[in-house]
file protein.pdb (PDB, C-alpha atoms)
ATOM      1  CA  MET A 979      10.874  23.482   5.363
ATOM      2  CA  SER A 980      10.979  19.920   4.027
ATOM      3  CA  VAL A 981       7.694  18.266   3.064
ATOM      4  CA  ILE A 982       8.214  15.695   5.823
ATOM      5  CA  ASP A 983       8.473  18.491   8.423
ATOM      6  CA  GLU A 984       5.228  20.030   7.081
ATOM      7  CA  VAL A 985       3.511  16.661   7.332
ATOM      8  CA  LEU A 986       4.730  16.290  10.933
ATOM      9  CA  LYS A 987       3.186  19.654  11.814
ATOM     10  CA  ALA A 988      -0.098  18.523  10.280
ATOM     11  CA  ASN A 989       0.116  15.325  12.355
ATOM     12  CA  GLN A 990       0.451  17.342  15.581
ATOM     13  CA  GLU A 991      -2.864  19.037  14.744
ATOM     14  CA  TYR A 992      -4.433  15.652  13.935
ATOM     15  CA  ALA A 993      -3.298  14.222  17.273
ATOM     16  CA  LYS A 994      -4.770  17.164  19.227
ATOM     17  CA  ASN A 995      -8.308  16.155  18.274
ATOM     18  CA  PHE A 996      -7.727  12.398  18.104
ATOM     19  CA  LYS A 997     -10.594  10.333  19.529
ATOM     20  CA  LEU A 998     -10.026   6.915  17.907
ATOM     21  CA  GLY A 999      -7.569   5.363  20.359
ATOM     22  CA  HIS A1000     -10.052   2.639  21.264
ATOM     23  CA  LEU A1001     -10.315   0.976  17.834
ATOM     24  CA  PRO A1002      -9.467  -2.752  17.703
ATOM     25  CA  MET A1003      -6.866  -4.245  15.355
ATOM     26  CA  PRO A1004      -9.219  -6.267  13.066
ATOM     27  CA  PRO A1005     -10.917  -4.184  10.332
ATOM     28  CA  ALA A1006     -14.586  -3.541  11.249
ATOM     29  CA  ASN A1007     -15.850  -4.027   7.669
ATOM     30  CA  LYS A1008     -13.817  -7.222   7.094
ATOM     31  CA  LEU A1009     -12.613  -5.761   3.783
ATOM     32  CA  ALA A1010      -9.128  -5.736   2.216
ATOM     33  CA  VAL A1011      -8.323  -3.559  -0.809
ATOM     34  CA  VAL A1012      -5.312  -3.829  -3.144
ATOM     35  CA  THR A1013      -4.757  -0.670  -5.156
ATOM     36  CA  CYS A1014      -2.207   1.681  -6.693
ATOM     37  CA  MET A1015       0.007   4.143  -4.774
ATOM     38  CA  ASP A1016      -1.203   6.921  -7.131
ATOM     39  CA  ALA A1017      -1.515  10.315  -5.424
ATOM     40  CA  ARG A1018      -4.876  11.008  -7.070
ATOM     41  CA  MET A1019      -6.572   8.192  -5.151
ATOM     42  CA  THR A1020      -7.520   9.076  -1.589
ATOM     43  CA  VAL A1021      -8.749   5.573  -0.959
ATOM     44  CA  SER A1022     -10.706   6.175   2.258
ATOM     45  CA  GLN A1023     -12.675   8.988   0.593
ATOM     46  CA  LEU A1024     -13.393   7.350  -2.738
ATOM     47  CA  LEU A1025     -14.608   4.174  -1.012
ATOM     48  CA  GLY A1026     -16.405   5.981   1.824
ATOM     49  CA  LEU A1027     -14.329   4.123   4.436
ATOM     50  CA  LYS A1028     -13.866   5.350   7.979
ATOM     51  CA  THR A1029     -10.782   4.812  10.140
ATOM     52  CA  GLY A1030     -10.756   1.228  11.424
ATOM     53  CA  GLU A1031     -12.879  -0.308   8.683
ATOM     54  CA  ALA A1032     -10.560  -1.883   6.063
ATOM     55  CA  HIS A1033      -7.024  -2.995   5.231
ATOM     56  CA  ILE A1034      -5.549  -0.937   2.407
ATOM     57  CA  ILE A1035      -2.630  -2.468   0.473
ATOM     58  CA  ARG A1036      -0.965  -0.204  -2.107
ATOM     59  CA  ASN A1037       1.928  -0.443  -4.549
ATOM     60  CA  ALA A1038       2.912   0.852  -7.984
ATOM     61  CA  GLY A1039       0.047  -0.283 -10.218
ATOM     62  CA  GLY A1040      -2.139  -2.120  -7.735
ATOM     63  CA  ILE A1041      -0.387  -5.371  -8.634
ATOM     64  CA  VAL A1042      -0.935  -8.666  -6.800
ATOM     65  CA  THR A1043       2.754  -9.223  -6.179
ATOM     66  CA  GLU A1044       4.102 -11.815  -3.743
ATOM     67  CA  ASP A1045       4.076  -8.985  -1.184
ATOM     68  CA  ALA A1046       0.423  -8.106  -1.797
ATOM     69  CA  LEU A1047      -0.432 -11.824  -1.448
ATOM     70  CA  ARG A1048       1.507 -11.906   1.823
ATOM     71  CA  SER A1049      -0.562  -8.967   3.054
ATOM     72  CA  LEU A1050      -3.898 -10.472   1.921
ATOM     73  CA  ILE A1051      -3.085 -13.800   3.587
ATOM     74  CA  ILE A1052      -2.240 -12.065   6.866
ATOM     75  CA  SER A1053      -5.346  -9.890   6.466
ATOM     76  CA  HIS A1054      -7.680 -12.871   6.133
ATOM     77  CA  HIS A1055      -6.051 -15.536   8.301
ATOM     78  CA  LEU A1056      -4.911 -13.368  11.211
ATOM     79  CA  LEU A1057      -7.298 -10.417  11.078
ATOM     80  CA  GLY A1058     -10.493 -11.872   9.659
ATOM     81  CA  THR A1059     -11.173  -9.978   6.400
ATOM     82  CA  GLN A1060     -13.728 -11.773   4.193
ATOM     83  CA  GLU A1061     -13.897  -9.749   0.929
ATOM     84  CA  PHE A1062     -11.096  -8.574  -1.375
ATOM     85  CA  MET A1063     -11.193  -5.686  -3.882
ATOM     86  CA  ILE A1064      -8.523  -5.012  -6.510
ATOM     87  CA  ILE A1065      -8.536  -1.490  -7.943
ATOM     88  CA  ASN A1066      -6.444  -0.251 -10.884
ATOM     89  CA  HIS A1067      -7.046   3.188 -12.397
ATOM     90  CA  THR A1068      -7.056   5.161 -15.648
ATOM     91  CA  ASP A1069      -3.964   7.199 -16.595
ATOM     92  CA  CYS A1070      -1.745   4.873 -14.518
ATOM     93  CA  GLY A1071       2.010   5.461 -14.701
ATOM     94  CA  MET A1072       2.460   1.718 -15.273
ATOM     95  CA  LEU A1073       0.908   2.141 -18.741
ATOM     96  CA  THR A1074       3.659   4.587 -19.777
ATOM     97  CA  PHE A1075       6.799   2.418 -19.931
ATOM     98  CA  LYS A1076       8.142  -1.077 -20.467
ATOM     99  CA  ASP A1077      10.070  -2.982 -17.787
ATOM    100  CA  GLU A1078      13.174  -3.440 -19.912
ATOM    101  CA  GLU A1079      13.360   0.262 -20.853
ATOM    102  CA  LEU A1080      13.221   1.343 -17.213
ATOM    103  CA  ARG A1081      15.830  -1.222 -16.170
ATOM    104  CA  LYS A1082      18.235   0.037 -18.852
ATOM    105  CA  LYS A1083      17.568   3.678 -17.928
ATOM    106  CA  LEU A1084      18.263   3.006 -14.223
ATOM    107  CA  GLN A1085      21.456   1.104 -14.982
ATOM    108  CA  LYS A1086      22.625   3.989 -17.163
ATOM    109  CA  THR A1087      21.601   6.779 -14.727
ATOM    110  CA  THR A1088      23.040   5.142 -11.612
ATOM    111  CA  GLY A1089      25.891   3.162 -13.139
ATOM    112  CA  THR A1090      24.719   0.073 -11.217
ATOM    113  CA  ALA A1091      22.733  -3.023 -12.075
ATOM    114  CA  ALA A1092      20.517  -3.988  -9.132
ATOM    115  CA  VAL A1093      19.575  -7.548  -8.188
ATOM    116  CA  ALA A1094      16.085  -6.544  -7.045
ATOM    117  CA  PRO A1095      13.456  -5.566  -8.012
ATOM    118  CA  MET A1096      13.491  -8.157 -10.779
ATOM    119  CA  HIS A1097      10.233  -6.890 -12.326
ATOM    120  CA  PHE A1098       8.516  -3.512 -12.486
ATOM    121  CA  HIS A1099       5.117  -4.944 -13.566
ATOM    122  CA  ALA A1100       4.404  -2.324 -16.240
ATOM    123  CA  PHE A1101       1.351  -3.272 -18.307
ATOM    124  CA  SER A1102      -0.404  -2.191 -21.498
ATOM    125  CA  SER A1103      -4.076  -3.084 -20.920
ATOM    126  CA  LEU A1104      -5.899  -2.048 -17.761
ATOM    127  CA  GLU A1105      -8.705  -4.602 -18.113
ATOM    128  CA  GLU A1106      -6.335  -7.492 -18.810
ATOM    129  CA  ASN A1107      -4.153  -6.427 -15.922
ATOM    130  CA  VAL A1108      -7.080  -6.422 -13.491
ATOM    131  CA  HIS A1109      -8.126  -9.887 -14.735
ATOM    132  CA  GLU A1110      -4.624 -11.218 -14.146
ATOM    133  CA  GLN A1111      -4.480  -9.812 -10.620
ATOM    134  CA  ILE A1112      -7.845 -11.373  -9.722
ATOM    135  CA  GLN A1113      -6.612 -14.742 -11.013
ATOM    136  CA  LYS A1114      -3.419 -14.501  -8.967
ATOM    137  CA  VAL A1115      -5.460 -14.050  -5.791
ATOM    138  CA  LYS A1116      -8.102 -16.663  -6.592
ATOM    139  CA  SER A1117      -5.580 -19.336  -7.533
ATOM    140  CA  HIS A1118      -3.468 -19.001  -4.405
ATOM    141  CA  PRO A1119      -3.789 -22.128  -2.246
ATOM    142  CA  TRP A1120      -3.949 -20.049   0.949
ATOM    143  CA  VAL A1121      -6.894 -17.906  -0.228
ATOM    144  CA  PRO A1122     -10.147 -19.735   0.602
ATOM    145  CA  LYS A1123     -12.526 -20.224  -2.334
ATOM    146  CA  HIS A1124     -15.477 -18.551  -0.561
ATOM    147  CA  ILE A1125     -13.805 -15.121  -0.489
ATOM    148  CA  PRO A1126     -15.213 -12.764  -3.151
ATOM    149  CA  VAL A1127     -12.374 -11.215  -5.194
ATOM    150  CA  ARG A1128     -13.722  -8.399  -7.361
ATOM    151  CA  GLY A1129     -11.777  -6.097  -9.698
ATOM    152  CA  PHE A1130     -12.351  -2.438 -10.596
ATOM    153  CA  ILE A1131     -10.953   0.427 -12.637
ATOM    154  CA  TYR A1132     -11.086   3.835 -10.958
ATOM    155  CA  ASP A1133     -11.525   6.716 -13.382
ATOM    156  CA  VAL A1134      -9.281   9.585 -12.228
ATOM    157  CA  LYS A1135     -11.290  12.034 -14.391
ATOM    158  CA  THR A1136     -14.713  11.219 -12.897
ATOM    159  CA  GLY A1137     -13.990   9.721  -9.467
ATOM    160  CA  ARG A1138     -16.031   6.656 -10.413
ATOM    161  CA  LEU A1139     -15.251   2.943  -9.930
ATOM    162  CA  ASN A1140     -16.184   0.614 -12.788
ATOM    163  CA  GLU A1141     -16.253  -3.117 -12.210
ATOM    164  CA  VAL A1142     -14.243  -5.383 -14.522
ATOM    165  CA  SER A1143     -16.533  -8.246 -15.455
ATOM    166  CA  LEU A1144     -14.968 -11.684 -15.399
TER     167      LEU A1144
ATOM    168  CA  MET B 490     -25.583  -6.541   1.070
ATOM    169  CA  SER B 491     -21.881  -7.341   0.735
ATOM    170  CA  VAL B 492     -19.362  -4.816   2.019
ATOM    171  CA  ILE B 493     -18.067  -4.316  -1.529
ATOM    172  CA  ASP B 494     -21.582  -3.370  -2.718
ATOM    173  CA  GLU B 495     -21.860  -0.853   0.145
ATOM    174  CA  VAL B 496     -18.507   0.633  -0.808
ATOM    175  CA  LEU B 497     -19.654   0.934  -4.443
ATOM    176  CA  LYS B 498     -22.727   2.873  -3.325
ATOM    177  CA  ALA B 499     -20.484   5.224  -1.342
ATOM    178  CA  ASN B 500     -18.314   5.671  -4.439
ATOM    179  CA  GLN B 501     -21.349   6.760  -6.486
ATOM    180  CA  GLU B 502     -21.928   9.551  -3.968
ATOM    181  CA  TYR B 503     -18.221  10.486  -4.075
ATOM    182  CA  ALA B 504     -18.297  10.700  -7.881
ATOM    183  CA  LYS B 505     -21.371  12.986  -7.863
ATOM    184  CA  ASN B 506     -19.392  15.786  -6.228
ATOM    185  CA  PHE B 507     -16.010  14.975  -7.777
ATOM    186  CA  LYS B 508     -14.021  18.045  -8.824
ATOM    187  CA  LEU B 509     -10.444  16.682  -8.987
ATOM    188  CA  GLY B 510     -10.380  15.330 -12.549
ATOM    189  CA  HIS B 511      -7.674  17.818 -13.553
ATOM    190  CA  LEU B 512      -4.926  16.584 -11.202
ATOM    191  CA  PRO B 513      -1.644  15.565 -12.870
ATOM    192  CA  MET B 514       0.016  12.158 -12.375
ATOM    193  CA  PRO B 515       3.136  13.292 -10.417
ATOM    194  CA  PRO B 516       2.511  13.874  -6.678
ATOM    195  CA  ALA B 517       2.361  17.624  -5.931
ATOM    196  CA  ASN B 518       4.316  17.342  -2.645
ATOM    197  CA  LYS B 519       7.013  15.068  -4.130
ATOM    198  CA  LEU B 520       6.564  12.726  -1.156
ATOM    199  CA  ALA B 521       6.371   8.921  -1.003
ATOM    200  CA  VAL B 522       5.249   7.092   2.145
ATOM    201  CA  VAL B 523       5.681   3.395   2.987
ATOM    202  CA  THR B 524       3.376   2.266   5.755
ATOM    203  CA  CYS B 525       1.216  -0.558   7.125
ATOM    204  CA  MET B 526      -2.150  -1.667   5.710
ATOM    205  CA  ASP B 527      -3.637  -1.350   9.237
ATOM    206  CA  ALA B 528      -7.272  -0.197   9.235
ATOM    207  CA  ARG B 529      -6.629   2.266  12.083
ATOM    208  CA  MET B 530      -4.363   4.436   9.925
ATOM    209  CA  THR B 531      -6.216   6.756   7.560
ATOM    210  CA  VAL B 532      -2.977   7.943   6.055
ATOM    211  CA  SER B 533      -4.220  11.058   4.246
ATOM    212  CA  GLN B 534      -5.825  12.338   7.451
ATOM    213  CA  LEU B 535      -3.037  11.591   9.882
ATOM    214  CA  LEU B 536      -0.468  13.214   7.576
ATOM    215  CA  GLY B 537      -2.725  16.082   6.498
ATOM    216  CA  LEU B 538      -2.354  15.115   2.820
ATOM    217  CA  LYS B 539      -4.804  16.170   0.149
ATOM    218  CA  THR B 540      -5.688  14.183  -2.982
ATOM    219  CA  GLY B 541      -2.852  14.462  -5.511
ATOM    220  CA  GLU B 542      -0.063  15.221  -3.037
ATOM    221  CA  ALA B 543       1.809  11.973  -2.253
ATOM    222  CA  HIS B 544       2.382   8.346  -3.216
ATOM    223  CA  ILE B 545       1.177   5.984  -0.500
ATOM    224  CA  ILE B 546       2.638   2.460  -0.475
ATOM    225  CA  ARG B 547       1.122   0.045   2.051
ATOM    226  CA  ASN B 548       1.579  -3.587   3.025
ATOM    227  CA  ALA B 549       1.375  -5.799   6.117
ATOM    228  CA  GLY B 550       3.776  -4.127   8.566
ATOM    229  CA  GLY B 551       5.046  -1.237   6.472
ATOM    230  CA  ILE B 552       7.985  -3.379   5.331
ATOM    231  CA  VAL B 553      10.479  -2.336   2.645
ATOM    232  CA  THR B 554      10.002  -5.500   0.632
ATOM    233  CA  GLU B 555      11.263  -5.913  -2.935
ATOM    234  CA  ASP B 556       7.802  -4.717  -3.975
ATOM    235  CA  ALA B 557       7.953  -1.559  -1.852
ATOM    236  CA  LEU B 558      11.417  -0.842  -3.327
ATOM    237  CA  ARG B 559       9.957  -1.317  -6.807
ATOM    238  CA  SER B 560       7.267   1.233  -5.965
ATOM    239  CA  LEU B 561       9.728   3.749  -4.461
ATOM    240  CA  ILE B 562      12.047   3.493  -7.474
ATOM    241  CA  ILE B 563       9.130   4.113  -9.863
ATOM    242  CA  SER B 564       7.928   6.917  -7.592
ATOM    243  CA  HIS B 565      11.256   8.755  -7.697
ATOM    244  CA  HIS B 566      12.609   7.979 -11.155
ATOM    245  CA  LEU B 567       9.373   8.208 -13.154
ATOM    246  CA  LEU B 568       7.212  10.505 -11.041
ATOM    247  CA  GLY B 569       9.694  12.782  -9.307
ATOM    248  CA  THR B 570       9.231  12.216  -5.557
ATOM    249  CA  GLN B 571      12.156  13.573  -3.506
ATOM    250  CA  GLU B 572      11.468  12.545   0.119
ATOM    251  CA  PHE B 573      10.617   9.134   1.585
ATOM    252  CA  MET B 574       8.854   8.381   4.892
ATOM    253  CA  ILE B 575       8.596   4.931   6.481
ATOM    254  CA  ILE B 576       5.871   4.567   9.100
ATOM    255  CA  ASN B 577       5.312   1.556  11.372
ATOM    256  CA  HIS B 578       2.806   1.690  14.236
ATOM    257  CA  THR B 579       2.134   0.514  17.787
ATOM    258  CA  ASP B 580      -0.048  -2.577  18.340
ATOM    259  CA  CYS B 581       0.894  -3.908  14.884
ATOM    260  CA  GLY B 582      -0.337  -7.395  13.978
ATOM    261  CA  MET B 583       3.183  -8.239  12.816
ATOM    262  CA  LEU B 584       4.311  -8.179  16.463
ATOM    263  CA  THR B 585       1.880 -10.977  17.370
ATOM    264  CA  PHE B 586       3.273 -14.026  15.553
ATOM    265  CA  LYS B 587       6.373 -15.679  14.157
ATOM    266  CA  ASP B 588       6.794 -16.480  10.453
ATOM    267  CA  GLU B 589       7.308 -20.185  11.014
ATOM    268  CA  GLU B 590       4.204 -20.531  13.224
ATOM    269  CA  LEU B 591       1.991 -18.883  10.587
ATOM    270  CA  ARG B 592       3.440 -21.005   7.782
ATOM    271  CA  LYS B 593       2.723 -24.200   9.743
ATOM    272  CA  LYS B 594      -0.798 -23.022  10.618
ATOM    273  CA  LEU B 595      -1.600 -22.231   6.970
ATOM    274  CA  GLN B 596      -0.266 -25.554   5.750
ATOM    275  CA  LYS B 597      -2.375 -27.328   8.349
ATOM    276  CA  THR B 598      -5.570 -25.279   7.748
ATOM    277  CA  THR B 599      -5.448 -25.444   3.950
ATOM    278  CA  GLY B 600      -3.687 -28.767   3.466
ATOM    279  CA  THR B 601      -1.294 -27.103   1.011
ATOM    280  CA  ALA B 602       2.251 -25.792   1.192
ATOM    281  CA  ALA B 603       2.578 -22.648  -0.923
ATOM    282  CA  VAL B 604       5.723 -21.602  -2.807
ATOM    283  CA  ALA B 605       5.101 -17.897  -2.184
ATOM    284  CA  PRO B 606       5.082 -15.827  -0.058
ATOM    285  CA  MET B 607       8.409 -17.105   1.254
ATOM    286  CA  HIS B 608       8.456 -14.670   4.190
ATOM    287  CA  PHE B 609       5.765 -12.966   6.269
ATOM    288  CA  HIS B 610       8.149 -10.379   7.785
ATOM    289  CA  ALA B 611       6.824 -10.630  11.354
ATOM    290  CA  PHE B 612       9.042  -8.702  13.789
ATOM    291  CA  SER B 613       9.513  -8.314  17.542
ATOM    292  CA  SER B 614      10.887  -4.769  17.957
ATOM    293  CA  LEU B 615       9.225  -1.777  16.312
ATOM    294  CA  GLU B 616      12.265   0.503  16.560
ATOM    295  CA  GLU B 617      14.655  -2.103  15.191
ATOM    296  CA  ASN B 618      12.230  -2.892  12.401
ATOM    297  CA  VAL B 619      11.992   0.763  11.352
ATOM    298  CA  HIS B 620      15.817   1.022  11.396
ATOM    299  CA  GLU B 621      16.105  -2.022   9.152
ATOM    300  CA  GLN B 622      13.571  -0.666   6.660
ATOM    301  CA  ILE B 623      15.403   2.681   6.439
ATOM    302  CA  GLN B 624      18.660   0.859   5.775
ATOM    303  CA  LYS B 625      17.088  -1.245   3.035
ATOM    304  CA  VAL B 626      15.983   1.902   1.207
ATOM    305  CA  LYS B 627      19.211   3.863   1.765
ATOM    306  CA  SER B 628      21.458   1.020   0.646
ATOM    307  CA  HIS B 629      19.633   0.354  -2.619
ATOM    308  CA  PRO B 630      21.810   1.334  -5.608
ATOM    309  CA  TRP B 631      18.834   2.858  -7.427
ATOM    310  CA  VAL B 632      17.890   5.217  -4.559
ATOM    311  CA  PRO B 633      19.956   8.432  -4.878
ATOM    312  CA  LYS B 634      21.907   9.407  -1.746
ATOM    313  CA  HIS B 635      20.378  12.906  -1.569
ATOM    314  CA  ILE B 636      16.863  11.602  -0.847
ATOM    315  CA  PRO B 637      15.909  11.950   2.846
ATOM    316  CA  VAL B 638      14.606   8.637   4.214
ATOM    317  CA  ARG B 639      13.061   9.158   7.649
ATOM    318  CA  GLY B 640      11.350   6.587   9.874
ATOM    319  CA  PHE B 641       8.437   6.955  12.295
ATOM    320  CA  ILE B 642       6.233   5.024  14.691
ATOM    321  CA  TYR B 643       2.557   6.009  14.663
ATOM    322  CA  ASP B 644       0.847   5.604  18.027
ATOM    323  CA  VAL B 645      -2.642   4.168  17.414
ATOM    324  CA  LYS B 646      -3.730   5.280  20.913
ATOM    325  CA  THR B 647      -2.796   8.969  20.516
ATOM    326  CA  GLY B 648      -2.749   9.596  16.748
ATOM    327  CA  ARG B 649       0.804  10.908  17.041
ATOM    328  CA  LEU B 650       3.873  10.166  14.883
ATOM    329  CA  ASN B 651       7.183   9.771  16.698
ATOM    330  CA  GLU B 652      10.421   9.840  14.747
ATOM    331  CA  VAL B 653      12.874   6.965  15.129
ATOM    332  CA  SER B 654      16.296   8.532  15.562
ATOM    333  CA  LEU B 655      19.108   6.927  13.611
TER     334      LEU B 655
END
call {"tool": "encode", "arguments": {"input": "protein.pdb", "output": "structure tokens"}}
result
Amino acid sequence: MSVIDEVLKANQEYAKNFKLGHLPMPPANKLAVVTCMDARMTVSQLLGLKTGEAHIIRNAGGIVTEDALRSLIISHHLLGTQEFMIINHTDCGMLTFKDEELRKKLQKTTGTAAVAPMHFHAFSSLEENVHEQIQKVKSHPWVPKHIPVRGFIYDVKTGRLNEVSL
Amino acid sequence: MSVIDEVLKANQEYAKNFKLGHLPMPPANKLAVVTCMDARMTVSQLLGLKTGEAHIIRNAGGIVTEDALRSLIISHHLLGTQEFMIINHTDCGMLTFKDEELRKKLQKTTGTAAVAPMHFHAFSSLEENVHEQIQKVKSHPWVPKHIPVRGFIYDVKTGRLNEVSL
């Protein structure tokens, strides 16, 4: 059986006991989180969030790309979130390569140069990367100045979040 | 107390009982999921996924943007995932506006026209939107043809996933 078919079976069980059909669209805790897609982060658990409480935006690295900014802007302006968290993590795959290496490898493996994605956003320092992402959010003209934007590094060995001081 | 401070307290409790520090970087189930940031979807629960099993990529709408493609390409080529799921959901915020309306509203509210994001990716048909996202993944030259790319609509009233047939 494919993994997707297994997951669909698990969803049938989930739906049998589902009691959350009444939740409204806006997040109850008015929180939006940008973090990595990494499999070792079960975001709801490590932040103690229940269904309906927060927007969770995830991509490779927990990077504030144009797409993450799009999501944050929609989150605040249409759905009322008032605090933003950015979470990177230790042992991130994005620390293990350089953009140009990966681009060359993909062109060689597939025989095709792609137009997009233009950047992979690999990085070499976690702290510096978190700083940069915070600045990208704070400097965007459509993100109001009163919104707290705080950055963290999640330690995949200990399960603990450590704040990156500005 | 700010919501972020509450979440940090919850994380301290999570870390006290943390026993997953040994998990490897590559997802155990070789699965990558692209879905919406919506607060009503606790992805690990509704798919029955445990910590360490799958990459979860999330943005406003569950759109296969350039950034989601970047994440999927990294997920497959660097971390070995072999199946992709795309999940949109009923009552999505992206069904409630038009890109041009939101752009005008933001320019008026903030007094500034922003360069990015260029698109908000609002849509009017869930099924059509899922179809489009599948096609964007399947047609990318860096996504191998043997990878299954299946699309679903999650029903926020029932907790059930329904497959979008191609």
call {"tool": "atom_distance", "arguments": {"input": "protein.pdb", "atom1": "CA of Ala611 (chain B)", "atom2": "CA of Val1127 (chain A)"}}
result
25.4 Å
call {"tool": "atom_distance", "arguments": {"input": "protein.pdb", "atom1": "CA of Phe1075 (chain A)", "atom2": "CA of Gly1129 (chain A)"}}
result
22.9 Å
call {"tool": "residues_near_point", "arguments": {"input": "protein.pdb", "point": "(8.9, -1.3, 17.8)", "cutoff": "8 Å", "atoms": "all atoms listed in the file", "output": "list in words"}}
result
Asn577, His578, Thr579, Ser613, Ser614, Leu615, Glu616, Glu617, Asn618, Val619 and Ile642 of chain B
call {"tool": "closest_atom_pairs", "arguments": {"input": "protein.pdb", "of": "chain A", "to": "chain B", "cutoff": "7 Å", "atoms": "all atoms listed in the file", "output": "CSV"}}
result
residue,atom,partner,partner_atom,distance
A:Val981,CA,B:Asn518,CA,6.7
A:Val985,CA,B:Leu536,CA,5.3
A:Leu986,CA,B:Leu536,CA,6.9
A:Ala988,CA,B:Gly537,CA,5.2
A:Asn989,CA,B:Leu536,CA,5.3
A:Gln990,CA,B:Arg649,CA,6.6
A:Tyr992,CA,B:Leu535,CA,5.9
A:Ala993,CA,B:Gly648,CA,4.7
A:Phe996,CA,B:Gly648,CA,5.9
A:Gly999,CA,B:Lys646,CA,3.9
A:His1000,CA,B:Lys646,CA,6.9
A:Leu1001,CA,B:Arg529,CA,7.0
A:Pro1005,CA,B:Ala528,CA,5.5
A:Asn1007,CA,B:Val492,CA,6.7
A:Met1015,CA,B:Ile545,CA,4.8
A:Asp1016,CA,B:His544,CA,5.5
A:Ala1017,CA,B:Gly541,CA,4.4
A:Arg1018,CA,B:Gly541,CA,4.3
A:Met1019,CA,B:Thr540,CA,6.4
A:Thr1020,CA,B:Thr540,CA,5.6
A:Ser1022,CA,B:Thr531,CA,7.0
A:Leu1024,CA,B:Asn500,CA,5.5
A:Leu1025,CA,B:Asn500,CA,5.3
A:Gly1026,CA,B:Ala499,CA,5.2
A:Thr1029,CA,B:Arg529,CA,5.2
A:Gly1030,CA,B:Arg529,CA,4.3
A:Glu1031,CA,B:Ala528,CA,5.6
A:Ala1032,CA,B:Ala528,CA,4.9
A:His1033,CA,B:Ala528,CA,4.9
A:Ile1034,CA,B:Met526,CA,4.8
A:Ile1035,CA,B:Arg547,CA,4.8
A:Arg1036,CA,B:Arg547,CA,4.7
A:Asn1037,CA,B:Ile546,CA,5.1
A:Ala1038,CA,B:Ser560,CA,4.8
A:Glu1044,CA,B:Pro606,CA,5.5
A:Asp1045,CA,B:Asp556,CA,6.3
A:Ala1046,CA,B:Asn548,CA,6.7
A:Leu1047,CA,B:Pro606,CA,7.0
A:Arg1048,CA,B:Pro606,CA,5.6
A:Ser1049,CA,B:Ala549,CA,4.8
A:Leu1084,CA,B:Trp631,CA,6.8
A:Thr1088,CA,B:Trp631,CA,6.4
A:Thr1090,CA,B:Pro630,CA,6.4
A:Ala1092,CA,B:Pro630,CA,6.5
A:Ala1094,CA,B:Glu555,CA,6.4
A:Pro1095,CA,B:Glu555,CA,5.5
A:Phe1098,CA,B:Arg559,CA,6.3
A:Pro1119,CA,B:Thr601,CA,6.4
A:Trp1120,CA,B:Thr599,CA,6.4
A:Val1134,CA,B:Gly510,CA,5.9
A:Lys1135,CA,B:Gly510,CA,3.9
A:Thr1136,CA,B:Gly510,CA,6.0
A:Gly1137,CA,B:Ala504,CA,4.7
A:Arg1138,CA,B:Ala504,CA,5.3
A:Leu1139,CA,B:Asn500,CA,6.9
call {"tool": "axis_aligned_box", "arguments": {"input": "protein.pdb", "around": "region 561-572 of chain B", "padding_each_side": "3 Å", "output": "AutoDock Vina command-line options"}}
result
--center_x 9.9 --center_y 8.5 --center_z -6.5 --size_x 11.4 --size_y 16.1 --size_z 19.3
call {"tool": "build_atoms", "arguments": {"input": "protein.pdb", "residues": "region 1086-1093 of chain A", "atoms": "N, CA, C and O atoms", "output": "short mmCIF file (atom, residue, chain, number, x, y, z; two decimals), in the coordinates of the input"}}
result
data_model
loop_
_atom_site.label_atom_id
_atom_site.label_comp_id
_atom_site.auth_asym_id
_atom_site.auth_seq_id
_atom_site.Cartn_x
_atom_site.Cartn_y
_atom_site.Cartn_z
N LYS A 1086 21.84 2.92 -16.54
CA LYS A 1086 22.62 3.99 -17.16
C LYS A 1086 22.76 5.20 -16.22
O LYS A 1086 23.85 5.73 -16.01
N THR A 1087 21.62 5.61 -15.61
CA THR A 1087 21.60 6.78 -14.73
C THR A 1087 22.47 6.56 -13.49
O THR A 1087 23.19 7.46 -13.05
N THR A 1088 22.38 5.37 -12.90
CA THR A 1088 23.04 5.14 -11.61
C THR A 1088 24.38 4.44 -11.77
O THR A 1088 25.15 4.36 -10.81
N GLY A 1089 24.64 3.90 -12.94
CA GLY A 1089 25.89 3.16 -13.14
C GLY A 1089 25.92 1.81 -12.45
O GLY A 1089 26.96 1.18 -12.35
N THR A 1090 24.76 1.34 -11.95
CA THR A 1090 24.72 0.07 -11.22
C THR A 1090 23.55 -0.79 -11.67
O THR A 1090 22.43 -0.30 -11.81
N ALA A 1091 23.81 -2.06 -11.84
CA ALA A 1091 22.73 -3.02 -12.08
C ALA A 1091 22.29 -3.55 -10.71
O ALA A 1091 23.14 -3.96 -9.92
N ALA A 1092 21.00 -3.50 -10.43
CA ALA A 1092 20.52 -3.99 -9.13
C ALA A 1092 19.99 -5.41 -9.28
O ALA A 1092 19.52 -5.81 -10.35
N VAL A 1093 20.07 -6.17 -8.19
CA VAL A 1093 19.58 -7.55 -8.19
C VAL A 1093 18.05 -7.54 -8.09
O VAL A 1093 17.35 -8.28 -8.75
#
